[in-house]
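Raw contents of model-v3.pdb, PDB, C-alpha atoms:
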```
ATOM      1  CA  MET A  25      87.590 109.030  68.348
ATOM      2  CA  THR A  26      85.946 110.835  71.259
ATOM      3  CA  VAL A  27      88.068 111.149  74.402
ATOM      4  CA  ARG A  28      86.679 112.599  77.618
ATOM      5  CA  GLU A  29      87.980 113.150  81.129
ATOM      6  CA  LEU A  30      86.442 110.631  83.514
ATOM      7  CA  THR A  31      87.189 109.512  87.016
ATOM      8  CA  TYR A  32      88.545 106.020  87.575
ATOM      9  CA  ALA A  33      85.130 105.014  88.997
ATOM     10  CA  GLN A  34      83.261 106.461  86.020
ATOM     11  CA  ALA A  35      85.557 104.621  83.623
ATOM     12  CA  ILE A  36      84.770 101.316  85.352
ATOM     13  CA  GLN A  37      81.034 102.031  85.246
ATOM     14  CA  GLU A  38      81.259 102.835  81.537
ATOM     15  CA  ALA A  39      83.093  99.568  80.890
ATOM     16  CA  LEU A  40      80.413  97.619  82.757
ATOM     17  CA  ALA A  41      77.629  99.332  80.802
ATOM     18  CA  GLN A  42      79.319  98.742  77.454
ATOM     19  CA  ALA A  43      79.926  95.080  78.273
ATOM     20  CA  MET A  44      76.288  94.637  79.312
ATOM     21  CA  ASP A  45      75.083  96.369  76.158
ATOM     22  CA  ALA A  46      77.219  94.127  73.978
ATOM     23  CA  ASP A  47      76.477  90.783  75.654
ATOM     24  CA  PRO A  48      73.247  89.791  77.463
ATOM     25  CA  ASP A  49      75.176  87.068  79.319
ATOM     26  CA  VAL A  50      77.112  89.694  81.323
ATOM     27  CA  PHE A  51      75.588  90.441  84.725
ATOM     28  CA  LEU A  52      76.761  92.037  87.977
ATOM     29  CA  MET A  53      76.662  90.692  91.546
ATOM     30  CA  GLY A  54      77.739  92.108  94.881
ATOM     31  CA  GLU A  55      76.750  93.607  98.198
ATOM     32  CA  ASP A  56      74.940  96.949  97.895
ATOM     33  CA  ILE A  57      75.692  97.342  94.187
ATOM     34  CA  GLY A  58      72.030  97.894  93.270
ATOM     35  CA  VAL A  59      69.954 100.782  94.641
ATOM     36  CA  TYR A  60      72.823 101.952  96.850
ATOM     37  CA  GLY A  61      75.163 102.091  93.832
ATOM     38  CA  GLY A  62      78.071 100.260  95.441
ATOM     39  CA  ALA A  63      80.145 101.001  98.529
ATOM     40  CA  PHE A  64      82.325 103.316  96.409
ATOM     41  CA  GLN A  65      79.493 104.397  94.092
ATOM     42  CA  VAL A  66      81.006 102.614  91.098
ATOM     43  CA  THR A  67      77.913 100.776  89.857
ATOM     44  CA  GLY A  68      75.850 103.945  90.343
ATOM     45  CA  ASP A  69      72.579 103.860  88.411
ATOM     46  CA  LEU A  70      73.238 100.623  86.523
ATOM     47  CA  VAL A  71      70.406  98.869  88.370
ATOM     48  CA  GLN A  72      67.952 101.446  87.038
ATOM     49  CA  ARG A  73      69.330 100.998  83.526
ATOM     50  CA  TYR A  74      69.541  97.202  83.395
ATOM     51  CA  GLY A  75      67.221  95.955  86.114
ATOM     52  CA  GLU A  76      67.649  93.785  89.179
ATOM     53  CA  GLU A  77      68.064  90.581  87.157
ATOM     54  CA  ARG A  78      71.367  91.877  85.748
ATOM     55  CA  VAL A  79      72.530  94.035  88.672
ATOM     56  CA  MET A  80      71.994  91.767  91.659
ATOM     57  CA  ASP A  81      72.328  92.777  95.290
ATOM     58  CA  ALA A  82      73.879  89.774  97.027
ATOM     59  CA  PRO A  83      73.487  88.643 100.641
ATOM     60  CA  ILE A  84      76.376  89.050 103.068
ATOM     61  CA  SER A  85      78.067  85.745 102.275
ATOM     62  CA  GLU A  86      81.147  86.103 100.130
ATOM     63  CA  LEU A  87      81.602  82.336  99.887
ATOM     64  CA  GLY A  88      78.030  81.994  98.680
ATOM     65  CA  GLN A  89      78.394  84.860  96.204
ATOM     66  CA  ALA A  90      81.533  83.347  94.722
ATOM     67  CA  GLY A  91      79.912  79.913  94.489
ATOM     68  CA  VAL A  92      76.931  81.323  92.597
ATOM     69  CA  ALA A  93      79.274  83.265  90.300
ATOM     70  CA  VAL A  94      81.417  80.194  89.537
ATOM     71  CA  GLY A  95      78.289  78.156  88.818
ATOM     72  CA  ALA A  96      76.881  80.857  86.552
ATOM     73  CA  ALA A  97      80.161  81.055  84.649
ATOM     74  CA  LEU A  98      80.180  77.282  84.142
ATOM     75  CA  ALA A  99      76.622  77.549  82.824
ATOM     76  CA  GLY A 100      77.631  80.035  80.117
ATOM     77  CA  CYS A 101      77.067  83.399  81.794
ATOM     78  CA  LYS A 102      79.704  86.082  82.355
ATOM     79  CA  PRO A 103      79.346  87.244  85.953
ATOM     80  CA  VAL A 104      81.175  90.289  87.291
ATOM     81  CA  LEU A 105      81.359  89.869  91.062
ATOM     82  CA  GLU A 106      82.223  92.873  93.216
ATOM     83  CA  PHE A 107      83.669  92.166  96.639
ATOM     84  CA  GLN A 108      82.784  95.189  98.735
ATOM     85  CA  PHE A 109      86.379  95.249 100.009
ATOM     86  CA  SER A 110      89.166  93.076  98.620
ATOM     87  CA  ASP A 111      89.794  91.819 102.166
ATOM     88  CA  PHE A 112      86.442  90.008 102.027
ATOM     89  CA  ALA A 113      87.691  87.737  99.238
ATOM     90  CA  THR A 114      89.456  85.815 102.000
ATOM     91  CA  LEU A 115      86.017  84.518 102.972
ATOM     92  CA  ALA A 116      85.626  83.031  99.486
ATOM     93  CA  MET A 117      89.031  81.371  99.096
ATOM     94  CA  GLU A 118      87.540  77.909  98.560
ATOM     95  CA  GLN A 119      85.544  78.997  95.521
ATOM     96  CA  ILE A 120      88.242  81.291  94.096
ATOM     97  CA  VAL A 121      91.327  79.127  94.640
ATOM     98  CA  ASN A 122      89.975  75.573  94.587
ATOM     99  CA  GLN A 123      87.123  75.936  92.099
ATOM    100  CA  ALA A 124      87.371  78.924  89.746
ATOM    101  CA  ALA A 125      91.131  78.618  89.249
ATOM    102  CA  LYS A 126      91.261  74.852  88.789
ATOM    103  CA  LEU A 127      88.132  73.561  87.064
ATOM    104  CA  ARG A 128      89.326  74.091  83.496
ATOM    105  CA  PHE A 129      92.484  72.099  84.245
ATOM    106  CA  MET A 130      90.751  69.362  86.226
ATOM    107  CA  LEU A 131      88.192  68.812  83.460
ATOM    108  CA  GLY A 132      90.721  68.632  80.647
ATOM    109  CA  GLY A 133      89.940  72.024  79.159
ATOM    110  CA  LYS A 134      86.323  71.098  78.446
ATOM    111  CA  VAL A 135      84.954  73.969  80.545
ATOM    112  CA  ASN A 136      85.853  77.581  81.174
ATOM    113  CA  VAL A 137      85.127  79.886  84.090
ATOM    114  CA  PRO A 138      84.696  83.377  82.559
ATOM    115  CA  LEU A 139      84.384  85.088  85.928
ATOM    116  CA  VAL A 140      85.555  88.620  86.693
ATOM    117  CA  MET A 141      86.077  89.658  90.309
ATOM    118  CA  ARG A 142      86.376  93.356  91.174
ATOM    119  CA  LEU A 143      88.213  94.082  94.419
ATOM    120  CA  PRO A 144      88.534  97.562  95.999
ATOM    121  CA  ALA A 145      91.916  97.376  97.709
ATOM    122  CA  GLY A 146      94.577  99.275  99.580
ATOM    123  CA  SER A 147      94.976 101.730 102.436
ATOM    124  CA  GLY A 148      94.503 105.460 102.797
ATOM    125  CA  THR A 149      90.820 105.673 103.749
ATOM    126  CA  GLY A 150      91.125 105.108 107.510
ATOM    127  CA  ALA A 151      89.321 101.769 107.243
ATOM    128  CA  ALA A 152      91.834  99.937 109.493
ATOM    129  CA  ALA A 153      93.347  96.473 109.397
ATOM    130  CA  GLN A 154      90.457  94.384 108.069
ATOM    131  CA  HIS A 155      89.433  96.735 105.231
ATOM    132  CA  SER A 156      92.748  98.137 103.949
ATOM    133  CA  GLN A 157      94.931  95.239 102.851
ATOM    134  CA  SER A 158      96.759  94.655  99.579
ATOM    135  CA  LEU A 159      96.418  90.906  99.040
ATOM    136  CA  GLU A 160      96.943  90.752  95.289
ATOM    137  CA  ALA A 161     100.190  88.773  95.621
ATOM    138  CA  TRP A 162      98.264  85.996  97.420
ATOM    139  CA  PHE A 163      96.072  85.429  94.396
ATOM    140  CA  ALA A 164      98.850  85.960  91.846
ATOM    141  CA  HIS A 165     100.455  82.862  93.391
ATOM    142  CA  VAL A 166      97.604  80.668  92.104
ATOM    143  CA  PRO A 167      97.832  79.108  88.616
ATOM    144  CA  GLY A 168      94.554  79.495  86.769
ATOM    145  CA  LEU A 169      93.853  83.011  88.021
ATOM    146  CA  LYS A 170      94.781  86.215  86.228
ATOM    147  CA  VAL A 171      95.442  89.239  88.432
ATOM    148  CA  VAL A 172      95.522  92.853  87.242
ATOM    149  CA  GLN A 173      95.917  96.265  88.898
ATOM    150  CA  PRO A 174      95.018  99.188  86.615
ATOM    151  CA  SER A 175      96.391 102.515  87.832
ATOM    152  CA  THR A 176      94.654 104.975  85.475
ATOM    153  CA  PRO A 177      91.056 105.562  84.386
ATOM    154  CA  ALA A 178      91.902 104.560  80.806
ATOM    155  CA  ASP A 179      93.458 101.287  81.935
ATOM    156  CA  ALA A 180      90.634 100.668  84.409
ATOM    157  CA  LYS A 181      88.154 100.651  81.528
ATOM    158  CA  GLY A 182      90.302  98.814  78.998
ATOM    159  CA  MET A 183      91.533  96.121  81.369
ATOM    160  CA  LEU A 184      88.044  95.475  82.758
ATOM    161  CA  LEU A 185      86.663  94.971  79.240
ATOM    162  CA  ALA A 186      89.581  92.657  78.461
ATOM    163  CA  ALA A 187      88.870  90.741  81.675
ATOM    164  CA  ILE A 188      85.198  90.297  80.763
ATOM    165  CA  ASP A 189      86.247  88.935  77.356
ATOM    166  CA  ASP A 190      88.672  86.466  78.947
ATOM    167  CA  PRO A 191      87.552  82.820  79.180
ATOM    168  CA  ASP A 192      89.345  82.370  82.512
ATOM    169  CA  PRO A 193      88.832  83.965  85.953
ATOM    170  CA  VAL A 194      90.335  87.440  86.296
ATOM    171  CA  MET A 195      90.761  89.377  89.541
ATOM    172  CA  VAL A 196      90.783  93.160  89.067
ATOM    173  CA  PHE A 197      92.257  94.978  92.066
ATOM    174  CA  GLU A 198      91.153  98.634  92.161
ATOM    175  CA  HIS A 199      92.962 100.872  94.622
ATOM    176  CA  LYS A 200      90.376 102.823  96.597
ATOM    177  CA  LEU A 201      92.356 106.088  96.458
ATOM    178  CA  LEU A 202      92.188 105.987  92.655
ATOM    179  CA  TYR A 203      88.387 106.038  92.337
ATOM    180  CA  LYS A 204      88.245 109.855  92.215
ATOM    181  CA  MET A 205      91.337 110.262  90.046
ATOM    182  CA  LYS A 206      90.581 111.799  86.635
ATOM    183  CA  GLY A 207      92.111 111.024  83.261
ATOM    184  CA  GLU A 208      91.397 110.877  79.552
ATOM    185  CA  VAL A 209      89.268 107.881  78.554
ATOM    186  CA  PRO A 210      88.139 107.023  75.000
ATOM    187  CA  GLU A 211      84.363 106.747  74.661
ATOM    188  CA  HIS A 212      84.289 103.662  72.431
ATOM    189  CA  PRO A 213      84.861 100.154  73.847
ATOM    190  CA  TYR A 214      88.532  99.142  73.743
ATOM    191  CA  ARG A 215      90.772  96.572  75.378
ATOM    192  CA  VAL A 216      94.069  96.902  77.238
ATOM    193  CA  PRO A 217      95.846  93.534  76.968
ATOM    194  CA  ILE A 218      96.311  91.558  80.156
ATOM    195  CA  GLY A 219      99.967  90.708  80.728
ATOM    196  CA  LYS A 220     101.509  93.863  79.233
ATOM    197  CA  ALA A 221     103.304  96.434  81.383
ATOM    198  CA  HIS A 222     103.422 100.116  80.451
ATOM    199  CA  VAL A 223     106.449 102.416  80.572
ATOM    200  CA  ALA A 224     104.831 105.420  82.232
ATOM    201  CA  ARG A 225     108.028 107.499  82.205
ATOM    202  CA  GLU A 226     111.329 106.919  80.460
ATOM    203  CA  GLY A 227     114.661 107.353  82.231
ATOM    204  CA  ARG A 228     118.257 106.136  82.181
ATOM    205  CA  HIS A 229     119.521 105.859  85.768
ATOM    206  CA  VAL A 230     117.106 103.515  87.581
ATOM    207  CA  THR A 231     114.094 101.350  86.736
ATOM    208  CA  VAL A 232     111.125 101.612  89.099
ATOM    209  CA  VAL A 233     108.492  98.879  88.796
ATOM    210  CA  ALA A 234     105.355 100.006  90.588
ATOM    211  CA  THR A 235     101.742  98.928  91.010
ATOM    212  CA  ALA A 236      98.421 100.750  91.526
ATOM    213  CA  ILE A 237      98.696 103.940  93.621
ATOM    214  CA  MET A 238     102.467 103.462  93.819
ATOM    215  CA  VAL A 239     102.749 104.226  90.097
ATOM    216  CA  HIS A 240     101.613 107.786  90.787
ATOM    217  CA  ARG A 241     103.831 108.125  93.845
ATOM    218  CA  ALA A 242     106.788 106.848  91.828
ATOM    219  CA  LEU A 243     106.065 109.361  89.068
ATOM    220  CA  GLU A 244     105.926 112.162  91.628
ATOM    221  CA  ALA A 245     109.207 110.957  93.114
ATOM    222  CA  ALA A 246     110.721 110.865  89.621
ATOM    223  CA  ASP A 247     109.743 114.510  89.111
ATOM    224  CA  THR A 248     111.593 115.447  92.301
ATOM    225  CA  LEU A 249     114.679 113.427  91.411
ATOM    226  CA  ALA A 250     114.791 114.918  87.917
ATOM    227  CA  THR A 251     115.677 118.276  89.490
ATOM    228  CA  GLU A 252     118.778 116.541  90.903
ATOM    229  CA  GLY A 253     119.775 115.036  87.554
ATOM    230  CA  ILE A 254     118.485 111.537  88.365
ATOM    231  CA  GLU A 255     116.276 110.108  85.622
ATOM    232  CA  ALA A 256     113.990 107.330  86.823
ATOM    233  CA  GLU A 257     112.193 105.064  84.379
ATOM    234  CA  VAL A 258     108.788 104.168  85.843
ATOM    235  CA  ILE A 259     107.074 100.960  84.737
ATOM    236  CA  ASP A 260     103.410 100.476  85.545
ATOM    237  CA  LEU A 261     103.269  96.700  85.996
ATOM    238  CA  ARG A 262      99.472  96.581  85.454
ATOM    239  CA  SER A 263      99.363  92.764  85.423
ATOM    240  CA  LEU A 264     100.647  90.584  88.277
ATOM    241  CA  ARG A 265      99.726  87.320  86.636
ATOM    242  CA  PRO A 266     100.911  87.047  83.954
ATOM    243  CA  ILE A 267     103.905  89.376  84.473
ATOM    244  CA  ASP A 268     105.511  91.171  81.539
ATOM    245  CA  THR A 269     109.092  90.189  82.355
ATOM    246  CA  ASP A 270     110.474  91.263  78.968
ATOM    247  CA  THR A 271     109.631  94.938  79.465
ATOM    248  CA  ILE A 272     111.336  94.962  82.865
ATOM    249  CA  VAL A 273     114.405  93.141  81.556
ATOM    250  CA  ARG A 274     114.873  95.626  78.706
ATOM    251  CA  SER A 275     114.562  98.552  81.090
ATOM    252  CA  VAL A 276     117.058  97.148  83.607
ATOM    253  CA  GLN A 277     119.548  96.470  80.851
ATOM    254  CA  LYS A 278     119.321 100.172  80.015
ATOM    255  CA  THR A 279     119.324 101.683  83.522
ATOM    256  CA  THR A 280     121.411  99.018  85.381
ATOM    257  CA  ARG A 281     119.396  99.511  88.581
ATOM    258  CA  LEU A 282     116.028  98.211  89.773
ATOM    259  CA  ALA A 283     113.599  99.261  92.497
ATOM    260  CA  CYS A 284     110.244  97.568  93.142
ATOM    261  CA  VAL A 285     107.603  99.744  94.823
ATOM    262  CA  TYR A 286     104.334  98.218  96.010
ATOM    263  CA  GLU A 287     101.852  98.600  98.867
ATOM    264  CA  GLY A 288     101.537  94.965  99.910
ATOM    265  CA  VAL A 289     103.686  93.688 102.768
ATOM    266  CA  LYS A 290     107.316  93.634 101.638
ATOM    267  CA  SER A 291     108.049  90.006 102.556
ATOM    268  CA  LEU A 292     107.023  87.497  99.887
ATOM    269  CA  GLY A 293     105.358  90.287  97.888
ATOM    270  CA  ILE A 294     105.300  91.029  94.175
ATOM    271  CA  GLY A 295     108.667  92.770  94.487
ATOM    272  CA  ALA A 296     110.275  89.490  95.515
ATOM    273  CA  GLU A 297     108.975  87.802  92.365
ATOM    274  CA  ILE A 298     110.193  90.605  90.107
ATOM    275  CA  SER A 299     113.588  90.578  91.836
ATOM    276  CA  ALA A 300     113.894  86.830  91.324
ATOM    277  CA  ARG A 301     112.969  87.080  87.658
ATOM    278  CA  ILE A 302     115.640  89.696  87.057
ATOM    279  CA  ALA A 303     118.187  87.642  89.022
ATOM    280  CA  GLU A 304     117.387  84.686  86.745
ATOM    281  CA  SER A 305     117.475  86.719  83.525
ATOM    282  CA  GLU A 306     120.098  88.128  81.199
ATOM    283  CA  ALA A 307     119.570  91.506  82.919
ATOM    284  CA  PHE A 308     121.323  90.293  86.077
ATOM    285  CA  ASP A 309     124.800  90.905  84.637
ATOM    286  CA  TYR A 310     123.827  94.502  83.861
ATOM    287  CA  LEU A 311     123.044  95.400  87.482
ATOM    288  CA  ASP A 312     125.352  97.983  89.081
ATOM    289  CA  ALA A 313     123.616  97.855  92.481
ATOM    290  CA  PRO A 314     121.516  95.485  94.588
ATOM    291  CA  ILE A 315     117.815  95.306  93.761
ATOM    292  CA  MET A 316     115.763  97.439  96.135
ATOM    293  CA  ARG A 317     112.272  96.603  97.419
ATOM    294  CA  LEU A 318     110.021  99.259  98.927
ATOM    295  CA  GLY A 319     106.944  97.509 100.286
ATOM    296  CA  GLY A 320     104.481  97.716 103.122
ATOM    297  CA  ALA A 321     105.439  97.315 106.770
ATOM    298  CA  GLU A 322     105.351  93.905 108.448
ATOM    299  CA  ALA A 323     102.194  94.827 110.336
ATOM    300  CA  PRO A 324      98.441  95.127 109.864
ATOM    301  CA  ILE A 325      97.334  98.519 108.517
ATOM    302  CA  PRO A 326      96.669 100.856 111.502
ATOM    303  CA  TYR A 327      93.563 103.012 111.896
ATOM    304  CA  ASN A 328      95.560 106.043 113.082
ATOM    305  CA  PRO A 329      96.132 108.266 109.989
ATOM    306  CA  THR A 330      99.783 108.986 110.760
ATOM    307  CA  LEU A 331     100.584 105.329 111.386
ATOM    308  CA  GLU A 332      98.559 104.302 108.325
ATOM    309  CA  LYS A 333     100.764 106.462 106.096
ATOM    310  CA  ALA A 334     103.883 105.148 107.804
ATOM    311  CA  ALA A 335     102.846 101.560 107.045
ATOM    312  CA  VAL A 336     103.131 101.925 103.254
ATOM    313  CA  PRO A 337     105.646 103.720 101.002
ATOM    314  CA  GLN A 338     105.020 107.442 100.500
ATOM    315  CA  VAL A 339     106.645 109.803  97.993
ATOM    316  CA  PRO A 340     109.483 110.900 100.332
ATOM    317  CA  ASP A 341     110.333 107.237 101.027
ATOM    318  CA  ILE A 342     110.592 106.555  97.304
ATOM    319  CA  VAL A 343     112.693 109.672  96.696
ATOM    320  CA  THR A 344     115.132 108.739  99.464
ATOM    321  CA  GLY A 345     115.334 105.105  98.397
ATOM    322  CA  LEU A 346     116.003 105.874  94.734
ATOM    323  CA  ARG A 347     118.507 108.593  95.597
ATOM    324  CA  ASN A 348     120.450 106.156  97.774
ATOM    325  CA  LEU A 349     120.243 103.411  95.161
ATOM    326  CA  VAL A 350     121.612 105.595  92.360
ATOM    327  CA  SER A 351     124.331 107.122  94.547
ATOM    328  CA  GLY A 352     125.580 103.736  95.689
ATOM    329  CA  ARG A 353     124.572 104.091  99.330
ATOM    330  CA  ILE A 354     122.634 100.812  99.220
TER     331      ILE A 354
END
```

Now that the file is in, can you turn its structure into structure tokens?
Amino acid sequence: MTVRELTYAQAIQEALAQAMDADPDVFLMGEDIGVYGGAFQVTGDLVQRYGEERVMDAPISELGQAGVAVGAALAGCKPVLEFQFSDFATLAMEQIVNQAAKLRFMLGGKVNVPLVMRLPAGSGTGAAAQHSQSLEAWFAHVPGLKVVQPSTPADAKGMLLAAIDDPDPVMVFEHKLLYKMKGEVPEHPYRVPIGKAHVAREGRHVTVVATAIMVHRALEAADTLATEGIEAEVIDLRSLRPIDTDTIVRSVQKTTRLACVYEGVKSLGIGAEISARIAESEAFDYLDAPIMRLGGAEAPIPYNPTLEKAAVPQVPDIVTGLRNLVSGRI
């Protein structure tokens, strides 16, 4: 098995190419994904390799794009729709939430909507309030949608291929700061199951459930805390709908403490759902401390770089929070 080092963006492009090679019904849509290669240069030269009929530049109408993609999926195609920024999916809520997510249920299971939506998300690029949000918890609230957040190049490829195989609509949130991150990626096509979390680091004093870029910040925080004798177990959630509750429960039963670290606004975010699941599970009686949530500030993402960093958890925030949680100061 050949394994190479690729960036997160290259891994996604390879997944798209392998899916298109394997199935002529797979095609790509989105703004500037053709000759320009995508706003984050993910689609690259795919238009030269597969032609404009399979790599389609779409007009600036997210609602229209999503409607065409839903219709194509109902007709037997497998569209992969790239929203230039995840924020722009708010313009297509009717098609995503009322059509794609519900049609299989409303028609008694007689149709499927095999639609994949790719959504560059998150802060850290100075793109300000309308281009830097983390809205994945919005969509994870909707039955009929699957929502994933790969945090490594290997998972970005494997989860995207799994999403393209899936008969139901899947939203793939890709944190923009991860596109240049490098990691080992197998060359052959493979799938990473949707709905399975990954224990990225084992520990015995506190469980940290993190998503996207926060996985890497949590791992860095865990390295710092290890020098103080605090062993943090870091779980890469990977899938927000469905959630792998069992993996989190087993970890909390071992560590007796839980922290949820995510970039989306703290209130009503994914951390609240994880906290509730643990409170309702057999792991609740194992807890030796309150559950801690480290989420984004209750404010739009600022343009100012200093304020932008202050609006979402950074490594020092995670270190301080976990240190206080383990020492009983929370």

Taking all atoms listed in the file into account, produce a table as a Markdown table in which each residue of stretch 215-304 of chain A with an atom at most 8 Å from an atom of stretch 338-345 of chain A appears once, together with its shortest atom pair and the distance in Å to one decimal, ordered by chain and rising number.
```
| residue | atom | partner | partner_atom | distance |
| --- | --- | --- | --- | --- |
| A:Arg241 | CA | A:Val339 | CA | 5.3 |
| A:Ala242 | CA | A:Ile342 | CA | 6.7 |
| A:Glu244 | CA | A:Val339 | CA | 6.8 |
| A:Ala245 | CA | A:Val343 | CA | 5.2 |
| A:Ala246 | CA | A:Val343 | CA | 7.4 |
| A:Thr248 | CA | A:Val343 | CA | 7.3 |
| A:Leu249 | CA | A:Val343 | CA | 6.8 |
| A:Val285 | CA | A:Ile342 | CA | 7.8 |
```

Quick one: distance from atom CA of A:Glu29 to atom CA of A:Ser175 in Å, one decimal?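 Going from atom CA of A:Glu29 over to atom CA of A:Ser175 covers 15.1 Å.
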
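The closest residue to A:Asp260, picked from A:Ser299, A:Thr280, A:Thr330, A:Gln173 and counting only C-alpha atoms, is A:Gln173.
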
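Neighbours of A:Ala97 closer than or equal to 9 Å, with all atoms listed in the file counted and sequence neighbours fewer than 6 positions away skipped, come out as Pro103, Asn136, Val137, Pro138 and Leu139 of chain A.
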
Write out as a tab-separated table a residue-level contact list of stretch 79-145 of chain A versus stretch 53-58 of chain A with cut-off 10 Å: for each qualifying residue the closest pair of atoms and the distance in Å to one decimal, counting all atoms listed in the file, rows sorted by chain and residue number upward.
```
residue	atom	partner	partner_atom	distance
A:Val79	CA	A:Gly58	CA	6.0
A:Met80	CA	A:Met53	CA	4.8
A:Asp81	CA	A:Glu55	CA	5.4
A:Ala82	CA	A:Glu55	CA	4.9
A:Pro83	CA	A:Glu55	CA	6.4
A:Ile84	CA	A:Glu55	CA	6.7
A:Ser85	CA	A:Glu55	CA	9.0
A:Glu86	CA	A:Gly54	CA	8.7
A:Gln89	CA	A:Gly54	CA	7.4
A:Ala90	CA	A:Met53	CA	9.4
A:Val92	CA	A:Met53	CA	9.4
A:Ala93	CA	A:Met53	CA	8.0
A:Pro103	CA	A:Met53	CA	7.1
A:Val104	CA	A:Met53	CA	6.2
A:Leu105	CA	A:Met53	CA	4.8
A:Glu106	CA	A:Gly54	CA	4.8
A:Phe107	CA	A:Gly54	CA	6.2
A:Gln108	CA	A:Glu55	CA	6.3
A:Phe109	CA	A:Glu55	CA	9.9
A:Met141	CA	A:Met53	CA	9.6
A:Arg142	CA	A:Gly54	CA	9.5
```

What do you get, as a VMD selection string, if you spell out every residue that the PyMOL selection byres ((chain A and resi 102) around 12) selects here? chain A and resid 40 43 to 44 46 to 53 78 92 to 101 103 to 105 136 to 141 185 187 to 194

Would you write out those residues with C-alpha atoms, as a PDB file, in the frame of the given file?
```pdb
ATOM      1  CA  LEU A  40      80.413  97.619  82.757  1.00  0.00           C
ATOM      2  CA  ALA A  43      79.926  95.080  78.273  1.00  0.00           C
ATOM      3  CA  MET A  44      76.288  94.637  79.312  1.00  0.00           C
ATOM      4  CA  ALA A  46      77.219  94.127  73.978  1.00  0.00           C
ATOM      5  CA  ASP A  47      76.477  90.783  75.654  1.00  0.00           C
ATOM      6  CA  PRO A  48      73.247  89.791  77.463  1.00  0.00           C
ATOM      7  CA  ASP A  49      75.176  87.068  79.319  1.00  0.00           C
ATOM      8  CA  VAL A  50      77.112  89.694  81.323  1.00  0.00           C
ATOM      9  CA  PHE A  51      75.588  90.441  84.725  1.00  0.00           C
ATOM     10  CA  LEU A  52      76.761  92.037  87.977  1.00  0.00           C
ATOM     11  CA  MET A  53      76.662  90.692  91.546  1.00  0.00           C
ATOM     12  CA  ARG A  78      71.367  91.877  85.748  1.00  0.00           C
ATOM     13  CA  VAL A  92      76.931  81.323  92.597  1.00  0.00           C
ATOM     14  CA  ALA A  93      79.274  83.265  90.300  1.00  0.00           C
ATOM     15  CA  VAL A  94      81.417  80.194  89.537  1.00  0.00           C
ATOM     16  CA  GLY A  95      78.289  78.156  88.818  1.00  0.00           C
ATOM     17  CA  ALA A  96      76.881  80.857  86.552  1.00  0.00           C
ATOM     18  CA  ALA A  97      80.161  81.055  84.649  1.00  0.00           C
ATOM     19  CA  LEU A  98      80.180  77.282  84.142  1.00  0.00           C
ATOM     20  CA  ALA A  99      76.622  77.549  82.824  1.00  0.00           C
ATOM     21  CA  GLY A 100      77.631  80.035  80.117  1.00  0.00           C
ATOM     22  CA  CYS A 101      77.067  83.399  81.794  1.00  0.00           C
ATOM     23  CA  PRO A 103      79.346  87.244  85.953  1.00  0.00           C
ATOM     24  CA  VAL A 104      81.175  90.289  87.291  1.00  0.00           C
ATOM     25  CA  LEU A 105      81.359  89.869  91.062  1.00  0.00           C
ATOM     26  CA  ASN A 136      85.853  77.581  81.174  1.00  0.00           C
ATOM     27  CA  VAL A 137      85.127  79.886  84.090  1.00  0.00           C
ATOM     28  CA  PRO A 138      84.696  83.377  82.559  1.00  0.00           C
ATOM     29  CA  LEU A 139      84.384  85.088  85.928  1.00  0.00           C
ATOM     30  CA  VAL A 140      85.555  88.620  86.693  1.00  0.00           C
ATOM     31  CA  MET A 141      86.077  89.658  90.309  1.00  0.00           C
ATOM     32  CA  LEU A 185      86.663  94.971  79.240  1.00  0.00           C
ATOM     33  CA  ALA A 187      88.870  90.741  81.675  1.00  0.00           C
ATOM     34  CA  ILE A 188      85.198  90.297  80.763  1.00  0.00           C
ATOM     35  CA  ASP A 189      86.247  88.935  77.356  1.00  0.00           C
ATOM     36  CA  ASP A 190      88.672  86.466  78.947  1.00  0.00           C
ATOM     37  CA  PRO A 191      87.552  82.820  79.180  1.00  0.00           C
ATOM     38  CA  ASP A 192      89.345  82.370  82.512  1.00  0.00           C
ATOM     39  CA  PRO A 193      88.832  83.965  85.953  1.00  0.00           C
ATOM     40  CA  VAL A 194      90.335  87.440  86.296  1.00  0.00           C
TER      41      VAL A 194
END
```

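Applied to the shown file, the PyMOL selection byres ((chain A and resi 158) around 8) selects the residues A:Ser110, A:Asp111, A:Ala145, A:Gly146, A:Ser147, A:Ser156, A:Gln157, A:Leu159, A:Glu160, A:Ala161, A:Glu287, A:Gly288, A:Val289.
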
Just the number, please: distance in Å from atom CA of A:Val276 to atom CA of A:Met316, one decimal. 12.6 Å

Straight-line distance linking atom CA of A:Gly148 with atom CA of A:Ala234, stated in Å to one decimal: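 Value for the atom CA of A:Gly148-atom CA of A:Ala234 distance: 17.2 Å.
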
Using the chain letters and numbers from this file, what does the PyMOL selection byres ((chain A and resi 302-309) around 12) select? Give the answer as an NGL selection string. :A and (231 or 233 or 268-284 or 295-301 or 310-316)
